[in-house]
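Heads up, upload.cif below (mmCIF, N, CA and C atoms):
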```cif
data_protein
loop_
_atom_site.label_atom_id
_atom_site.label_comp_id
_atom_site.auth_asym_id
_atom_site.auth_seq_id
_atom_site.Cartn_x
_atom_site.Cartn_y
_atom_site.Cartn_z
N MET I 366 142.61 -108.26 41.73
CA MET I 366 141.34 -108.92 41.91
C MET I 366 140.51 -108.14 42.91
N SER I 367 139.29 -107.85 42.57
CA SER I 367 138.44 -107.06 43.45
C SER I 367 137.69 -107.95 44.42
N LYS I 368 137.33 -107.35 45.56
CA LYS I 368 136.58 -108.06 46.59
C LYS I 368 135.13 -107.62 46.54
N PRO I 369 134.22 -108.49 46.90
CA PRO I 369 132.82 -108.07 46.95
C PRO I 369 132.63 -107.07 48.09
N ALA I 370 131.65 -106.20 47.91
CA ALA I 370 131.37 -105.18 48.93
C ALA I 370 130.87 -105.84 50.21
N LYS I 371 131.17 -105.19 51.32
CA LYS I 371 130.68 -105.67 52.61
C LYS I 371 129.18 -105.45 52.69
N PRO I 372 128.48 -106.28 53.46
CA PRO I 372 127.04 -106.08 53.62
C PRO I 372 126.77 -104.69 54.20
N PHE I 373 125.73 -104.09 53.71
CA PHE I 373 125.35 -102.74 54.09
C PHE I 373 124.54 -102.78 55.39
N ASP I 374 124.91 -101.94 56.35
CA ASP I 374 124.22 -101.91 57.64
C ASP I 374 123.68 -100.51 57.92
N PRO I 375 122.42 -100.25 57.55
CA PRO I 375 121.86 -98.91 57.77
C PRO I 375 121.78 -98.54 59.25
N GLN I 376 121.61 -99.52 60.11
CA GLN I 376 121.54 -99.26 61.55
C GLN I 376 122.86 -98.65 62.06
N SER I 377 123.95 -99.13 61.55
CA SER I 377 125.26 -98.62 61.94
C SER I 377 125.44 -97.17 61.54
N ILE I 378 124.97 -96.83 60.34
CA ILE I 378 125.08 -95.45 59.87
C ILE I 378 124.20 -94.54 60.71
N GLN I 379 122.99 -95.00 61.04
CA GLN I 379 122.10 -94.19 61.87
C GLN I 379 122.70 -93.98 63.26
N GLN I 380 123.34 -94.98 63.81
CA GLN I 380 124.00 -94.84 65.11
C GLN I 380 125.14 -93.83 65.03
N SER I 381 125.86 -93.82 63.92
CA SER I 381 126.95 -92.85 63.75
C SER I 381 126.42 -91.43 63.73
N ILE I 382 125.32 -91.22 63.04
CA ILE I 382 124.72 -89.88 62.99
C ILE I 382 124.20 -89.49 64.36
N ASN I 383 123.64 -90.44 65.09
CA ASN I 383 123.16 -90.15 66.44
C ASN I 383 124.31 -89.76 67.37
N LYS I 384 125.46 -90.36 67.18
CA LYS I 384 126.63 -90.01 68.00
C LYS I 384 127.04 -88.56 67.78
N GLN I 385 126.75 -88.04 66.61
CA GLN I 385 127.13 -86.67 66.32
C GLN I 385 126.35 -85.65 67.15
N SER I 386 125.24 -86.05 67.72
CA SER I 386 124.52 -85.13 68.59
C SER I 386 125.40 -84.72 69.77
N TRP I 387 126.29 -85.58 70.18
CA TRP I 387 127.24 -85.24 71.25
C TRP I 387 128.23 -84.20 70.78
N LEU I 388 128.60 -84.26 69.51
CA LEU I 388 129.50 -83.25 68.96
C LEU I 388 128.81 -81.88 68.93
N VAL I 389 127.52 -81.86 68.58
CA VAL I 389 126.76 -80.61 68.59
C VAL I 389 126.77 -80.03 70.00
N LEU I 390 126.51 -80.86 70.99
CA LEU I 390 126.52 -80.42 72.38
C LEU I 390 127.90 -79.90 72.79
N GLY I 391 128.94 -80.59 72.37
CA GLY I 391 130.30 -80.17 72.68
C GLY I 391 130.66 -78.83 72.04
N LEU I 392 130.21 -78.63 70.80
CA LEU I 392 130.47 -77.36 70.12
C LEU I 392 129.77 -76.21 70.83
N VAL I 393 128.54 -76.45 71.28
CA VAL I 393 127.81 -75.41 72.01
C VAL I 393 128.52 -75.11 73.33
N ALA I 394 129.01 -76.13 74.00
CA ALA I 394 129.74 -75.92 75.25
C ALA I 394 131.01 -75.09 75.01
N ILE I 395 131.72 -75.39 73.93
CA ILE I 395 132.91 -74.61 73.58
C ILE I 395 132.51 -73.16 73.29
N GLY I 396 131.41 -72.99 72.57
CA GLY I 396 130.93 -71.65 72.27
C GLY I 396 130.57 -70.87 73.52
N ILE I 397 129.94 -71.53 74.48
CA ILE I 397 129.58 -70.86 75.73
C ILE I 397 130.83 -70.44 76.48
N VAL I 398 131.82 -71.32 76.53
CA VAL I 398 133.08 -70.98 77.19
C VAL I 398 133.73 -69.77 76.52
N LEU I 399 133.76 -69.75 75.19
CA LEU I 399 134.34 -68.62 74.46
C LEU I 399 133.55 -67.33 74.73
N ASP I 400 132.22 -67.44 74.75
CA ASP I 400 131.39 -66.26 75.01
C ASP I 400 131.61 -65.71 76.41
N VAL I 401 131.68 -66.59 77.39
CA VAL I 401 131.92 -66.15 78.77
C VAL I 401 133.31 -65.55 78.89
N TRP I 402 134.29 -66.16 78.26
CA TRP I 402 135.67 -65.66 78.30
C TRP I 402 135.77 -64.27 77.68
N GLN I 403 135.01 -64.05 76.59
CA GLN I 403 135.03 -62.76 75.92
C GLN I 403 134.07 -61.75 76.57
N GLY I 404 133.30 -62.18 77.55
CA GLY I 404 132.35 -61.30 78.20
C GLY I 404 131.14 -60.98 77.33
N ASN I 405 130.78 -61.90 76.45
CA ASN I 405 129.66 -61.69 75.52
C ASN I 405 128.38 -62.22 76.14
N SER I 406 127.53 -61.33 76.61
CA SER I 406 126.30 -61.76 77.29
C SER I 406 125.22 -62.23 76.32
N GLN I 407 125.38 -61.98 75.01
CA GLN I 407 124.40 -62.44 74.03
C GLN I 407 124.72 -63.84 73.50
N TYR I 408 125.82 -64.41 73.91
CA TYR I 408 126.23 -65.76 73.49
C TYR I 408 126.23 -65.92 71.97
N VAL I 409 126.87 -64.99 71.31
CA VAL I 409 126.90 -64.96 69.84
C VAL I 409 127.60 -66.20 69.28
N VAL I 410 128.77 -66.51 69.80
CA VAL I 410 129.53 -67.64 69.26
C VAL I 410 128.77 -68.95 69.45
N SER I 411 128.22 -69.17 70.63
CA SER I 411 127.53 -70.43 70.89
C SER I 411 126.26 -70.56 70.04
N LYS I 412 125.51 -69.50 69.87
CA LYS I 412 124.31 -69.55 69.02
C LYS I 412 124.67 -69.85 67.57
N ASN I 413 125.74 -69.23 67.09
CA ASN I 413 126.13 -69.42 65.70
C ASN I 413 126.74 -70.81 65.48
N LEU I 414 127.52 -71.29 66.44
CA LEU I 414 128.04 -72.67 66.36
C LEU I 414 126.87 -73.66 66.36
N LEU I 415 125.88 -73.41 67.20
CA LEU I 415 124.71 -74.28 67.26
C LEU I 415 123.98 -74.28 65.93
N ALA I 416 123.77 -73.11 65.34
CA ALA I 416 123.05 -73.02 64.07
C ALA I 416 123.77 -73.80 62.97
N GLY I 417 125.07 -73.61 62.85
CA GLY I 417 125.83 -74.31 61.81
C GLY I 417 125.89 -75.80 62.03
N SER I 418 126.11 -76.22 63.26
CA SER I 418 126.23 -77.66 63.53
C SER I 418 124.88 -78.37 63.40
N VAL I 419 123.81 -77.73 63.83
CA VAL I 419 122.48 -78.36 63.67
C VAL I 419 122.12 -78.46 62.19
N LEU I 420 122.47 -77.46 61.41
CA LEU I 420 122.23 -77.54 59.97
C LEU I 420 122.97 -78.73 59.36
N GLY I 421 124.23 -78.90 59.72
CA GLY I 421 124.99 -80.04 59.22
C GLY I 421 124.43 -81.37 59.68
N TRP I 422 124.00 -81.44 60.94
CA TRP I 422 123.47 -82.67 61.50
C TRP I 422 122.14 -83.04 60.86
N VAL I 423 121.24 -82.07 60.73
CA VAL I 423 119.93 -82.35 60.14
C VAL I 423 120.07 -82.73 58.67
N SER I 424 120.95 -82.08 57.94
CA SER I 424 121.12 -82.43 56.53
C SER I 424 121.65 -83.86 56.38
N GLN I 425 122.49 -84.31 57.31
CA GLN I 425 122.98 -85.69 57.26
C GLN I 425 121.87 -86.68 57.62
N ILE I 426 121.02 -86.31 58.56
CA ILE I 426 119.89 -87.18 58.92
C ILE I 426 118.96 -87.34 57.72
N ILE I 427 118.65 -86.23 57.04
CA ILE I 427 117.77 -86.28 55.87
C ILE I 427 118.42 -87.15 54.78
N PHE I 428 119.70 -86.95 54.54
CA PHE I 428 120.41 -87.76 53.55
C PHE I 428 120.31 -89.24 53.89
N ALA I 429 120.57 -89.59 55.13
CA ALA I 429 120.53 -90.99 55.54
C ALA I 429 119.13 -91.58 55.42
N LYS I 430 118.12 -90.85 55.84
CA LYS I 430 116.74 -91.35 55.77
C LYS I 430 116.32 -91.63 54.33
N ILE I 431 116.66 -90.72 53.43
CA ILE I 431 116.26 -90.91 52.03
C ILE I 431 117.09 -92.01 51.38
N SER I 432 118.39 -91.98 51.54
CA SER I 432 119.25 -92.92 50.82
C SER I 432 119.19 -94.34 51.38
N LEU I 433 118.85 -94.49 52.65
CA LEU I 433 118.84 -95.82 53.25
C LEU I 433 117.47 -96.47 53.25
N SER I 434 116.52 -95.86 52.56
CA SER I 434 115.16 -96.40 52.59
C SER I 434 114.98 -97.65 51.73
N LYS I 435 115.89 -97.92 50.84
CA LYS I 435 115.82 -99.12 49.99
C LYS I 435 117.10 -99.92 50.15
N SER I 436 116.99 -101.24 50.06
CA SER I 436 118.17 -102.10 50.10
C SER I 436 117.88 -103.38 49.35
N GLY I 437 118.94 -104.09 49.01
CA GLY I 437 118.79 -105.37 48.34
C GLY I 437 119.11 -105.29 46.86
N TYR I 438 119.55 -106.41 46.33
CA TYR I 438 119.97 -106.48 44.94
C TYR I 438 118.80 -106.21 43.99
N GLN I 439 117.61 -106.67 44.35
CA GLN I 439 116.45 -106.52 43.47
C GLN I 439 116.10 -105.05 43.24
N GLN I 440 116.46 -104.19 44.18
CA GLN I 440 116.09 -102.77 44.08
C GLN I 440 117.29 -101.88 43.79
N ARG I 441 118.27 -102.41 43.09
CA ARG I 441 119.51 -101.66 42.88
C ARG I 441 119.29 -100.35 42.13
N ARG I 442 118.38 -100.33 41.18
CA ARG I 442 118.12 -99.08 40.45
C ARG I 442 117.48 -98.04 41.36
N GLN I 443 116.56 -98.49 42.21
CA GLN I 443 115.93 -97.56 43.14
C GLN I 443 116.92 -97.04 44.18
N ILE I 444 117.90 -97.87 44.52
CA ILE I 444 118.92 -97.46 45.49
C ILE I 444 119.75 -96.32 44.92
N VAL I 445 120.18 -96.46 43.67
CA VAL I 445 120.96 -95.40 43.03
C VAL I 445 120.12 -94.13 42.89
N HIS I 446 118.87 -94.30 42.49
CA HIS I 446 117.97 -93.16 42.36
C HIS I 446 117.78 -92.47 43.71
N ARG I 447 117.59 -93.24 44.77
CA ARG I 447 117.43 -92.68 46.12
C ARG I 447 118.69 -91.95 46.57
N PHE I 448 119.83 -92.48 46.20
CA PHE I 448 121.09 -91.84 46.58
C PHE I 448 121.18 -90.44 45.96
N TYR I 449 120.83 -90.32 44.69
CA TYR I 449 120.84 -89.01 44.03
C TYR I 449 119.79 -88.09 44.64
N GLN I 450 118.62 -88.61 44.93
CA GLN I 450 117.58 -87.81 45.59
C GLN I 450 118.07 -87.31 46.95
N ALA I 451 118.75 -88.17 47.67
CA ALA I 451 119.25 -87.80 49.00
C ALA I 451 120.28 -86.69 48.89
N HIS I 452 121.18 -86.78 47.91
CA HIS I 452 122.17 -85.71 47.71
C HIS I 452 121.49 -84.39 47.37
N MET I 453 120.52 -84.43 46.50
CA MET I 453 119.81 -83.20 46.12
C MET I 453 119.08 -82.61 47.33
N ALA I 454 118.41 -83.44 48.09
CA ALA I 454 117.69 -82.95 49.27
C ALA I 454 118.65 -82.34 50.28
N LYS I 455 119.79 -82.98 50.46
CA LYS I 455 120.78 -82.46 51.41
C LYS I 455 121.29 -81.10 50.96
N TRP I 456 121.61 -80.95 49.67
CA TRP I 456 122.13 -79.67 49.19
C TRP I 456 121.09 -78.57 49.22
N VAL I 457 119.85 -78.90 48.85
CA VAL I 457 118.78 -77.90 48.90
C VAL I 457 118.55 -77.46 50.34
N LEU I 458 118.49 -78.43 51.25
CA LEU I 458 118.32 -78.10 52.67
C LEU I 458 119.48 -77.25 53.19
N THR I 459 120.69 -77.57 52.79
CA THR I 459 121.86 -76.82 53.23
C THR I 459 121.82 -75.39 52.71
N ILE I 460 121.50 -75.21 51.45
CA ILE I 460 121.44 -73.86 50.88
C ILE I 460 120.35 -73.03 51.54
N ILE I 461 119.16 -73.61 51.68
CA ILE I 461 118.06 -72.90 52.34
C ILE I 461 118.41 -72.63 53.80
N GLY I 462 119.02 -73.60 54.46
CA GLY I 462 119.40 -73.42 55.86
C GLY I 462 120.40 -72.29 56.05
N PHE I 463 121.43 -72.24 55.21
CA PHE I 463 122.40 -71.14 55.31
C PHE I 463 121.73 -69.80 55.03
N ALA I 464 120.85 -69.76 54.02
CA ALA I 464 120.15 -68.51 53.71
C ALA I 464 119.32 -68.04 54.90
N LEU I 465 118.59 -68.95 55.52
CA LEU I 465 117.79 -68.58 56.69
C LEU I 465 118.65 -68.14 57.86
N ILE I 466 119.74 -68.84 58.09
CA ILE I 466 120.65 -68.46 59.18
C ILE I 466 121.18 -67.06 58.95
N PHE I 467 121.65 -66.79 57.73
CA PHE I 467 122.23 -65.47 57.45
C PHE I 467 121.19 -64.36 57.45
N LEU I 468 119.95 -64.69 57.14
CA LEU I 468 118.90 -63.67 57.17
C LEU I 468 118.34 -63.43 58.57
N LEU I 469 118.20 -64.49 59.36
CA LEU I 469 117.46 -64.38 60.61
C LEU I 469 118.31 -64.33 61.88
N LEU I 470 119.49 -64.88 61.84
CA LEU I 470 120.30 -64.94 63.07
C LEU I 470 121.06 -63.63 63.27
N LYS I 471 120.69 -62.94 64.31
CA LYS I 471 121.33 -61.66 64.63
C LYS I 471 121.75 -61.68 66.09
N PRO I 472 122.91 -61.26 66.45
CA PRO I 472 124.06 -60.91 65.61
C PRO I 472 124.67 -62.18 65.00
N LEU I 473 125.21 -61.99 63.83
CA LEU I 473 125.74 -63.11 63.06
C LEU I 473 127.25 -63.16 63.17
N ASN I 474 127.75 -64.38 63.38
CA ASN I 474 129.19 -64.63 63.33
C ASN I 474 129.37 -65.74 62.30
N ALA I 475 129.59 -65.35 61.05
CA ALA I 475 129.64 -66.31 59.94
C ALA I 475 130.72 -67.36 60.14
N LEU I 476 131.85 -66.96 60.72
CA LEU I 476 132.93 -67.91 60.95
C LEU I 476 132.47 -69.04 61.89
N ALA I 477 131.73 -68.70 62.92
CA ALA I 477 131.23 -69.71 63.85
C ALA I 477 130.19 -70.61 63.19
N VAL I 478 129.35 -70.05 62.34
CA VAL I 478 128.35 -70.85 61.62
C VAL I 478 129.05 -71.88 60.73
N PHE I 479 130.02 -71.42 59.95
CA PHE I 479 130.74 -72.33 59.07
C PHE I 479 131.58 -73.33 59.86
N ALA I 480 132.16 -72.91 60.97
CA ALA I 480 132.95 -73.82 61.81
C ALA I 480 132.07 -74.94 62.35
N GLY I 481 130.88 -74.61 62.81
CA GLY I 481 129.95 -75.63 63.30
C GLY I 481 129.54 -76.60 62.21
N TYR I 482 129.22 -76.06 61.03
CA TYR I 482 128.83 -76.90 59.90
C TYR I 482 129.98 -77.82 59.46
N LEU I 483 131.17 -77.24 59.31
CA LEU I 483 132.32 -78.03 58.86
C LEU I 483 132.73 -79.08 59.89
N ALA I 484 132.60 -78.78 61.17
CA ALA I 484 132.94 -79.77 62.20
C ALA I 484 132.07 -81.01 62.05
N LEU I 485 130.78 -80.81 61.78
CA LEU I 485 129.89 -81.96 61.59
C LEU I 485 130.21 -82.72 60.31
N GLN I 486 130.55 -82.01 59.23
CA GLN I 486 130.88 -82.67 57.98
C GLN I 486 132.16 -83.49 58.12
N ILE I 487 133.16 -82.91 58.76
CA ILE I 487 134.44 -83.62 58.95
C ILE I 487 134.25 -84.84 59.85
N SER I 488 133.46 -84.69 60.91
CA SER I 488 133.24 -85.84 61.80
C SER I 488 132.50 -86.95 61.07
N TYR I 489 131.56 -86.59 60.20
CA TYR I 489 130.83 -87.61 59.44
C TYR I 489 131.78 -88.36 58.51
N ILE I 490 132.71 -87.64 57.87
CA ILE I 490 133.69 -88.29 56.99
C ILE I 490 134.57 -89.24 57.81
N ILE I 491 135.01 -88.80 58.97
CA ILE I 491 135.86 -89.64 59.82
C ILE I 491 135.11 -90.88 60.29
N ILE I 492 133.87 -90.69 60.75
CA ILE I 492 133.09 -91.82 61.25
C ILE I 492 132.83 -92.83 60.15
N THR I 493 132.42 -92.36 58.97
CA THR I 493 132.11 -93.31 57.90
C THR I 493 133.34 -93.98 57.34
N SER I 494 134.48 -93.28 57.35
CA SER I 494 135.70 -93.93 56.85
C SER I 494 136.17 -95.01 57.84
N GLN I 495 135.94 -94.82 59.13
CA GLN I 495 136.28 -95.85 60.10
C GLN I 495 135.37 -97.07 59.96
N LYS I 496 134.11 -96.84 59.62
CA LYS I 496 133.16 -97.94 59.45
C LYS I 496 133.48 -98.78 58.23
N SER I 497 133.97 -98.13 57.16
CA SER I 497 134.24 -98.86 55.93
C SER I 497 135.63 -99.47 55.89
N GLY I 498 136.48 -99.01 56.78
CA GLY I 498 137.87 -99.48 56.75
C GLY I 498 138.17 -100.68 57.52
#
```
Spit out the file's structure as structure tokens when you get a sec.
Amino acid sequence: MSKPAKPFDPQSIQQSINKQSWLVLGLVAIGIVLDVWQGNSQYVVSKNLLAGSVLGWVSQIIFAKISLSKSGYQQRRQIVHRFYQAHMAKWVLTIIGFALIFLLLKPLNALAVFAGYLALQISYIIITSQKSG
């Protein structure tokens, strides 16, 4: 027997995304420590971690803003449509963001860019799974 879905709380999701700004700050701090330890005066690791994590964070904010703009049973078709629009916007932003990072960020440390991006994606999965569980 299935249970009805829990009431949807967009405020809670927005607060979760806002908490991730602390993760971005933490990643940059880790990058600075690594750069200082390696004697890198250009702060390559921290800049690249920042670029990847900000890309992940902004894409999640855009997804949330688009997908959470409608609610209620009466607008169920618009909600599904908004969800697909949000996914498309997130992927387009992510692809363009990675292209710009790889073209403009010099010196580039691709591993740090992807590590920053993946850290934000994994934290979002963890946060949302805790909210739904």
Residues in the PyMOL selection byres ((chain I and resi 489-496) around 8), expressed as a PyMOL selection string: chain I and resi 378+381-382+385+483-488+497-498
For a quick check of understanding, using only C-alpha atoms, which of I:Val410, I:Leu468, I:Leu415, I:Ala451 has the smallest distance to I:Trp387?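 Among the listed residues, I:Leu415 lies closest to I:Trp387.
Rounded to one decimal, atom CA of I:Leu420 and atom N of I:Leu476 lie 14.3 Å from each other.
Ranking I:Val457, I:Gln379, I:Leu414, I:Val445 by their shortest atom-to-atom distance to I:Ala394, with only C-alpha atoms included, puts I:Leu414 first.
Pairwise distance (atom CA of I:Asn405, atom CA of I:Thr459) equals 28.0 Å.
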Produce the centre coordinates and the three edge lengths, each in Å to one decimal, of the box along x, y and z that contains all listed atoms of stretch 424-435 of chain I with 4 Å added on each side, as JSON.
```
{"center_x": 119.0, "center_y": -91.0, "center_z": 54.5, "size_x": 16.0, "size_y": 25.8, "size_z": 16.9}
```
Residue neighbourhood I:Tyr449, 8 Å, only N, CA and C atoms, exclusion window fewer than 6 positions, as a PyMOL selection string: chain I and resi 431-432+443+455
Create the file for the chosen residues now, containing N, CA and C atoms and written as a tab-separated table (two decimals), in the frame of the given file.
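Printed below is again-v3.tsv as written:
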```tsv
chain	number	residue	atom	x	y	z
I	431	ILE	N	116.66	-90.72	53.43
I	431	ILE	CA	116.26	-90.91	52.03
I	431	ILE	C	117.09	-92.01	51.38
I	432	SER	N	118.39	-91.98	51.54
I	432	SER	CA	119.25	-92.92	50.82
I	432	SER	C	119.19	-94.34	51.38
I	443	GLN	N	116.56	-98.49	42.21
I	443	GLN	CA	115.93	-97.56	43.14
I	443	GLN	C	116.92	-97.04	44.18
I	455	LYS	N	119.79	-82.98	50.46
I	455	LYS	CA	120.78	-82.46	51.41
I	455	LYS	C	121.29	-81.10	50.96
```
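Coordinates place atom CA of I:Ser377 at a distance of 24.7 Å from atom N of I:Gly481.
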Restricting the calculation to only C-alpha atoms: of I:Asn383, I:Ile460, I:Pro472, I:His446, which residue gets closest to I:Ser406? I:Pro472
Pick out the closest residue to I:Val423 from this set: I:Met453, I:Gly391, I:Val409, I:Leu458. Count only N, CA and C atoms.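 Under the stated criterion, the closest residue is I:Leu458.
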Name every residue that the PyMOL selection byres ((chain I and resi 428) around 8) selects in this structure, writing the answer as a ChimeraX atom specification with chains first and numbers rising. /I:422-427,429-434,447-448,450-456
Output stretch 463-473 of chain I as a short mmCIF file (atom, residue, chain, number, x, y, z; two decimals), in the coordinates of the input, making sure all heavy atoms are there.
```cif
data_model
loop_
_atom_site.label_atom_id
_atom_site.label_comp_id
_atom_site.auth_asym_id
_atom_site.auth_seq_id
_atom_site.Cartn_x
_atom_site.Cartn_y
_atom_site.Cartn_z
N PHE I 463 121.43 -72.24 55.21
CA PHE I 463 122.40 -71.14 55.31
C PHE I 463 121.73 -69.80 55.03
O PHE I 463 122.00 -68.80 55.69
CB PHE I 463 123.59 -71.35 54.38
CG PHE I 463 124.69 -72.18 54.96
CD1 PHE I 463 125.13 -73.32 54.32
CD2 PHE I 463 125.29 -71.83 56.16
CE1 PHE I 463 126.14 -74.10 54.85
CE2 PHE I 463 126.32 -72.60 56.70
CZ PHE I 463 126.74 -73.73 56.04
N ALA I 464 120.85 -69.76 54.02
CA ALA I 464 120.15 -68.51 53.71
C ALA I 464 119.32 -68.04 54.90
O ALA I 464 119.37 -66.85 55.27
CB ALA I 464 119.26 -68.70 52.48
N LEU I 465 118.59 -68.95 55.52
CA LEU I 465 117.79 -68.58 56.69
C LEU I 465 118.65 -68.14 57.86
O LEU I 465 118.31 -67.18 58.56
CB LEU I 465 116.88 -69.74 57.10
CG LEU I 465 115.72 -70.04 56.16
CD1 LEU I 465 114.99 -71.31 56.58
CD2 LEU I 465 114.77 -68.85 56.11
N ILE I 466 119.74 -68.84 58.09
CA ILE I 466 120.65 -68.46 59.18
C ILE I 466 121.18 -67.06 58.95
O ILE I 466 121.16 -66.21 59.84
CB ILE I 466 121.80 -69.49 59.32
CG1 ILE I 466 121.28 -70.80 59.90
CG2 ILE I 466 122.92 -68.92 60.20
CD1 ILE I 466 122.28 -71.94 59.85
N PHE I 467 121.65 -66.79 57.73
CA PHE I 467 122.23 -65.47 57.45
C PHE I 467 121.19 -64.36 57.45
O PHE I 467 121.51 -63.21 57.75
CB PHE I 467 123.01 -65.48 56.14
CG PHE I 467 124.29 -66.28 56.22
CD1 PHE I 467 124.75 -66.97 55.12
CD2 PHE I 467 125.01 -66.35 57.39
CE1 PHE I 467 125.94 -67.70 55.19
CE2 PHE I 467 126.19 -67.08 57.47
CZ PHE I 467 126.65 -67.76 56.37
N LEU I 468 119.95 -64.69 57.14
CA LEU I 468 118.90 -63.67 57.17
C LEU I 468 118.34 -63.43 58.57
O LEU I 468 118.03 -62.29 58.93
CB LEU I 468 117.74 -64.09 56.25
CG LEU I 468 117.99 -63.98 54.75
CD1 LEU I 468 116.82 -64.58 53.98
CD2 LEU I 468 118.20 -62.53 54.35
N LEU I 469 118.20 -64.49 59.36
CA LEU I 469 117.46 -64.38 60.61
C LEU I 469 118.31 -64.33 61.88
O LEU I 469 117.85 -63.80 62.89
CB LEU I 469 116.47 -65.55 60.73
CG LEU I 469 115.46 -65.67 59.58
CD1 LEU I 469 114.62 -66.92 59.75
CD2 LEU I 469 114.59 -64.42 59.50
N LEU I 470 119.49 -64.88 61.84
CA LEU I 470 120.30 -64.94 63.07
C LEU I 470 121.06 -63.63 63.27
O LEU I 470 121.92 -63.28 62.49
CB LEU I 470 121.28 -66.12 63.00
CG LEU I 470 122.06 -66.43 64.26
CD1 LEU I 470 121.12 -66.80 65.40
CD2 LEU I 470 123.02 -67.57 64.01
N LYS I 471 120.69 -62.94 64.31
CA LYS I 471 121.33 -61.66 64.63
C LYS I 471 121.75 -61.68 66.09
O LYS I 471 120.96 -62.09 66.93
CB LYS I 471 120.37 -60.49 64.39
CG LYS I 471 119.78 -60.41 63.01
CD LYS I 471 120.80 -60.11 61.97
CE LYS I 471 120.11 -60.00 60.60
NZ LYS I 471 120.89 -60.36 59.51
N PRO I 472 122.91 -61.26 66.45
CA PRO I 472 124.06 -60.91 65.61
C PRO I 472 124.67 -62.18 65.00
O PRO I 472 124.64 -63.25 65.60
CB PRO I 472 125.02 -60.23 66.58
CG PRO I 472 124.66 -60.72 67.92
CD PRO I 472 123.19 -61.06 67.87
N LEU I 473 125.21 -61.99 63.83
CA LEU I 473 125.74 -63.11 63.06
C LEU I 473 127.25 -63.16 63.17
O LEU I 473 127.93 -62.15 63.09
CB LEU I 473 125.35 -62.94 61.58
CG LEU I 473 125.84 -64.01 60.62
CD1 LEU I 473 125.15 -65.34 60.89
CD2 LEU I 473 125.60 -63.58 59.19
#
```
